[in-house]
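Q: Please find target23.cif (mmCIF, C-alpha atoms) on the next line:
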```cif
data_data
#
loop_
_atom_site.label_atom_id
_atom_site.label_comp_id
_atom_site.auth_asym_id
_atom_site.auth_seq_id
_atom_site.Cartn_x
_atom_site.Cartn_y
_atom_site.Cartn_z
CA MET A 1 119.24 101.44 92.86
CA THR A 2 116.31 103.57 91.87
CA VAL A 3 116.09 107.34 92.13
CA ALA A 4 113.40 109.76 91.07
CA ILE A 5 112.64 113.45 91.42
CA SER A 6 109.33 115.25 91.66
CA ALA A 7 108.00 118.74 92.12
CA ALA A 8 108.26 120.31 95.56
CA ASN A 9 104.50 120.52 96.05
CA ILE A 10 103.79 116.82 95.33
CA HIS A 11 103.14 114.50 98.26
CA ASP A 12 105.70 111.70 98.67
CA SER A 13 103.05 108.98 98.53
CA HIS A 14 102.38 109.70 94.84
CA ALA A 15 105.91 108.56 93.97
CA LEU A 16 105.70 105.22 95.78
CA LYS A 17 104.10 103.16 93.00
CA PRO A 18 106.48 104.22 90.21
CA LEU A 19 109.49 103.66 92.46
CA VAL A 20 108.36 100.18 93.54
CA ASN A 21 107.68 99.27 89.90
CA ALA A 22 111.13 100.52 88.88
CA LEU A 23 113.05 98.41 91.39
CA PRO A 24 115.28 95.85 89.68
CA ALA A 25 115.02 92.13 90.37
CA ILE A 26 116.94 90.78 93.32
CA ARG A 27 119.92 88.64 92.41
CA SER A 28 120.93 85.80 94.67
CA ARG A 29 124.17 83.85 94.76
CA ARG A 30 122.53 80.45 94.63
CA GLY A 31 119.19 79.07 93.69
CA PRO A 32 116.39 80.73 91.78
CA ARG A 33 116.21 84.47 91.54
CA ARG A 34 113.90 86.28 93.89
CA ARG A 35 112.02 88.61 91.61
CA LYS A 36 110.41 91.00 94.07
CA ARG A 37 111.01 92.62 97.41
CA THR A 38 109.18 91.16 100.37
CA LYS A 39 108.98 94.14 102.74
CA LEU A 40 108.67 97.90 102.41
CA HIS A 41 109.64 100.14 105.33
CA ALA A 42 108.18 103.65 105.23
CA ASP A 43 107.26 106.48 107.55
CA LYS A 44 103.83 107.85 108.42
CA ALA A 45 103.53 109.89 105.23
CA TYR A 46 102.84 106.65 103.35
CA ASP A 47 100.08 105.47 105.71
CA ILE A 48 97.30 105.41 103.12
CA PRO A 49 94.96 102.40 102.97
CA ALA A 50 95.02 102.32 99.17
CA LEU A 51 98.83 102.10 99.15
CA ARG A 52 98.78 99.35 101.78
CA ASP A 53 96.29 97.37 99.67
CA TRP A 54 98.33 97.93 96.51
CA LEU A 55 101.46 96.63 98.24
CA ARG A 56 99.64 93.57 99.57
CA GLN A 57 98.34 92.78 96.08
CA ARG A 58 101.96 92.75 94.93
CA ARG A 59 102.83 90.43 97.86
CA ILE A 60 104.94 93.06 99.60
CA ILE A 61 104.50 93.38 103.35
CA PRO A 62 104.04 97.06 104.26
CA ARG A 63 106.00 98.09 107.37
CA ILE A 64 104.48 101.54 107.72
CA ALA A 65 103.94 103.34 111.01
CA ARG A 66 100.26 104.16 111.44
CA LYS A 67 99.23 107.77 112.01
CA GLY A 68 98.15 108.51 115.56
CA ILE A 69 98.73 104.92 116.74
CA GLU A 70 102.40 103.95 116.43
CA SER A 71 105.55 105.93 116.86
CA SER A 72 107.96 106.01 113.97
CA GLU A 73 110.83 105.05 116.29
CA LYS A 74 110.34 101.37 115.45
CA LEU A 75 111.46 102.15 111.91
CA GLY A 76 114.53 104.01 113.22
CA LYS A 77 117.22 101.52 112.21
CA HIS A 78 115.80 101.23 108.68
CA ARG A 79 115.10 104.92 108.29
CA TRP A 80 118.59 105.83 109.48
CA VAL A 81 120.05 104.16 106.39
CA ILE A 82 117.95 106.37 104.13
CA GLU A 83 118.66 109.56 106.07
CA ARG A 84 122.41 108.78 106.02
CA THR A 85 122.34 108.21 102.26
CA ILE A 86 120.50 111.49 101.66
CA ALA A 87 123.10 113.25 103.81
CA TRP A 88 125.87 111.77 101.65
CA LEU A 89 124.15 113.04 98.51
CA THR A 90 123.64 116.54 99.87
CA GLY A 91 127.39 116.68 100.41
CA TYR A 92 127.69 117.36 96.69
CA ARG A 93 127.25 121.08 96.07
CA ARG A 94 125.34 120.52 92.86
CA LEU A 95 122.68 118.47 94.67
CA SER A 96 122.20 120.59 97.81
CA ILE A 97 120.50 123.38 95.84
CA ARG A 98 118.83 122.66 92.54
CA TYR A 99 120.57 124.88 89.99
CA GLU A 100 119.37 123.10 86.86
CA ARG A 101 116.12 124.04 85.19
CA LYS A 102 115.63 120.75 83.41
CA PRO A 103 114.70 117.80 85.61
CA SER A 104 116.66 115.43 83.38
CA HIS A 105 119.90 117.30 84.16
CA TYR A 106 119.25 117.20 87.90
CA LEU A 107 118.40 113.49 87.70
CA ALA A 108 121.66 112.88 85.84
CA PHE A 109 123.65 114.65 88.58
CA LEU A 110 121.70 112.73 91.24
CA THR A 111 122.52 109.41 89.56
CA LEU A 112 126.16 110.44 89.18
CA GLY A 113 126.34 111.43 92.86
CA ALA A 114 124.83 108.10 93.89
CA ALA A 115 127.31 106.20 91.71
CA ILE A 116 130.29 108.16 93.12
CA THR A 117 129.06 107.58 96.67
CA CYS A 118 128.69 103.83 96.06
CA HIS A 119 132.16 103.72 94.51
CA LYS A 120 133.69 105.53 97.50
CA LYS A 121 132.02 103.20 99.99
CA LEU A 122 132.97 100.05 98.10
CA THR A 123 136.64 101.01 97.72
CA LYS A 124 137.09 101.66 101.46
#
```
Output the structure of this file as structure tokens.
A:
Amino acid sequence: MTVAISAANIHDSHALKPLVNALPAIRSRRGPRRRKRTKLHADKAYDIPALRDWLRQRRIIPRIARKGIESSEKLGKHRWVIERTIAWLTGYRRLSIRYERKPSHYLAFLTLGAAITCHKKLTK
């Protein structure tokens, strides 16, 4: 799991590279470890040729809806997982409105909320 926060006036595409670099290695039950992800699903905000090229250099297949050409409905089943997870996190009062001045405090509460949510879902 990787989470990050940024300023409100920063475009989402600027955070893509640090988040992809921060992803942990994939563990498998048998055989050699897969070190990297193979696909990246994203919406139209990430449709930038430089980002697509950067992902291809890292051998990650970009599944990004193209602006003005494709609808983002094809990514619906993958995007729904993200939207649902964000809805779970905004259920915590501390995360719905940012009360903390320091980003490190907010990131700590975000990580704690994600850990509590994972724990709740795994114990069901």
Q: Can you work out which one of A:His41, A:His105, A:Lys36, A:Lys67 has the shortest atom-to-atom distance to Trp80 (chain A), counting only C-alpha atoms?
A: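 Of the candidates, the smallest distance to Trp80 (chain A) is held by A:His41.
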Q: To verify the selection step, state as JSON, numbers by chain which residues the PyMOL selection byres ((chain A and resi 47) around 7) yields on this input.
A: {"A": [44, 45, 46, 48, 49, 64, 65, 66, 67]}
Q: Would you save the residues of that selection, restricted to C-alpha atoms, as a PDB file, in the frame of the given file?
A:
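Saved result, result-v4.pdb, follows:
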```
ATOM      1  CA  LYS A  44     103.830 107.850 108.420  1.00  0.00           C
ATOM      2  CA  ALA A  45     103.530 109.890 105.230  1.00  0.00           C
ATOM      3  CA  TYR A  46     102.840 106.650 103.350  1.00  0.00           C
ATOM      4  CA  ILE A  48      97.300 105.410 103.120  1.00  0.00           C
ATOM      5  CA  PRO A  49      94.960 102.400 102.970  1.00  0.00           C
ATOM      6  CA  ILE A  64     104.480 101.540 107.720  1.00  0.00           C
ATOM      7  CA  ALA A  65     103.940 103.340 111.010  1.00  0.00           C
ATOM      8  CA  ARG A  66     100.260 104.160 111.440  1.00  0.00           C
ATOM      9  CA  LYS A  67      99.230 107.770 112.010  1.00  0.00           C
TER      10      LYS A  67
END
```
Q: Could you tell me how far CA of Arg58 (chain A) lies from CA of Val3 (chain A), in Å and to one decimal?
A: 20.5 Å
Q: Using CA of Ala15 (chain A) and CA of Pro62 (chain A) as the two end points, give the distance in Å to one decimal.
A: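 Result for CA of Ala15 (chain A) versus CA of Pro62 (chain A): 15.5 Å, one decimal.
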Q: Can you work out which one of A:Arg94, A:Ser104, A:Arg52, A:Trp88 has the shortest atom-to-atom distance to Lys120 (chain A), counting all atoms listed in the file?
A: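 Smallest separation from Lys120 (chain A) among the options: A:Trp88.
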Q: Work out how far CA of Ala42 (chain A) is from CA of Tyr99 (chain A), in Å to one decimal.
A: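 About the pair CA of Tyr99 (chain A) and CA of Ala42 (chain A): they are 28.9 Å apart.
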Q: Quick one: residues within 12 Å of Leu19 (chain A), only C-alpha atoms counted, chain neighbours fewer than 3 positions away excluded, as a PyMOL selection string?
A: chain A and resi 1-6+12-16+22-24+40
Q: Take the selection from the previous step and output its residues with C-alpha atoms, as a CSV table (one decimal), keeping the file's coordinate frame.
A:
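Below is the file that was written, result38.csv:
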```csv
chain,number,residue,atom,x,y,z
A,1,MET,CA,119.2,101.4,92.9
A,2,THR,CA,116.3,103.6,91.9
A,3,VAL,CA,116.1,107.3,92.1
A,4,ALA,CA,113.4,109.8,91.1
A,5,ILE,CA,112.6,113.4,91.4
A,6,SER,CA,109.3,115.2,91.7
A,12,ASP,CA,105.7,111.7,98.7
A,13,SER,CA,103.0,109.0,98.5
A,14,HIS,CA,102.4,109.7,94.8
A,15,ALA,CA,105.9,108.6,94.0
A,16,LEU,CA,105.7,105.2,95.8
A,22,ALA,CA,111.1,100.5,88.9
A,23,LEU,CA,113.0,98.4,91.4
A,24,PRO,CA,115.3,95.8,89.7
A,40,LEU,CA,108.7,97.9,102.4
```
Q: Enumerate, as a list in words, the residues matched when the PyMOL selection byres ((chain A and resi 86) around 12) is run on the file above.
A: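 On this input, the PyMOL selection byres ((chain A and resi 86) around 12) captures Val3, Arg79, Trp80, Val81, Ile82, Glu83, Arg84, Thr85, Ala87, Trp88, Leu89, Thr90, Gly91, Tyr92, Leu95, Ser96, Leu110, Gly113, Ala114 and Thr117 of chain A.
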Q: Quick one: of A:Arg56, A:Arg101, A:Arg93, A:Arg37, who's nearest to Val20 (chain A), counting only C-alpha atoms?
A: A:Arg37
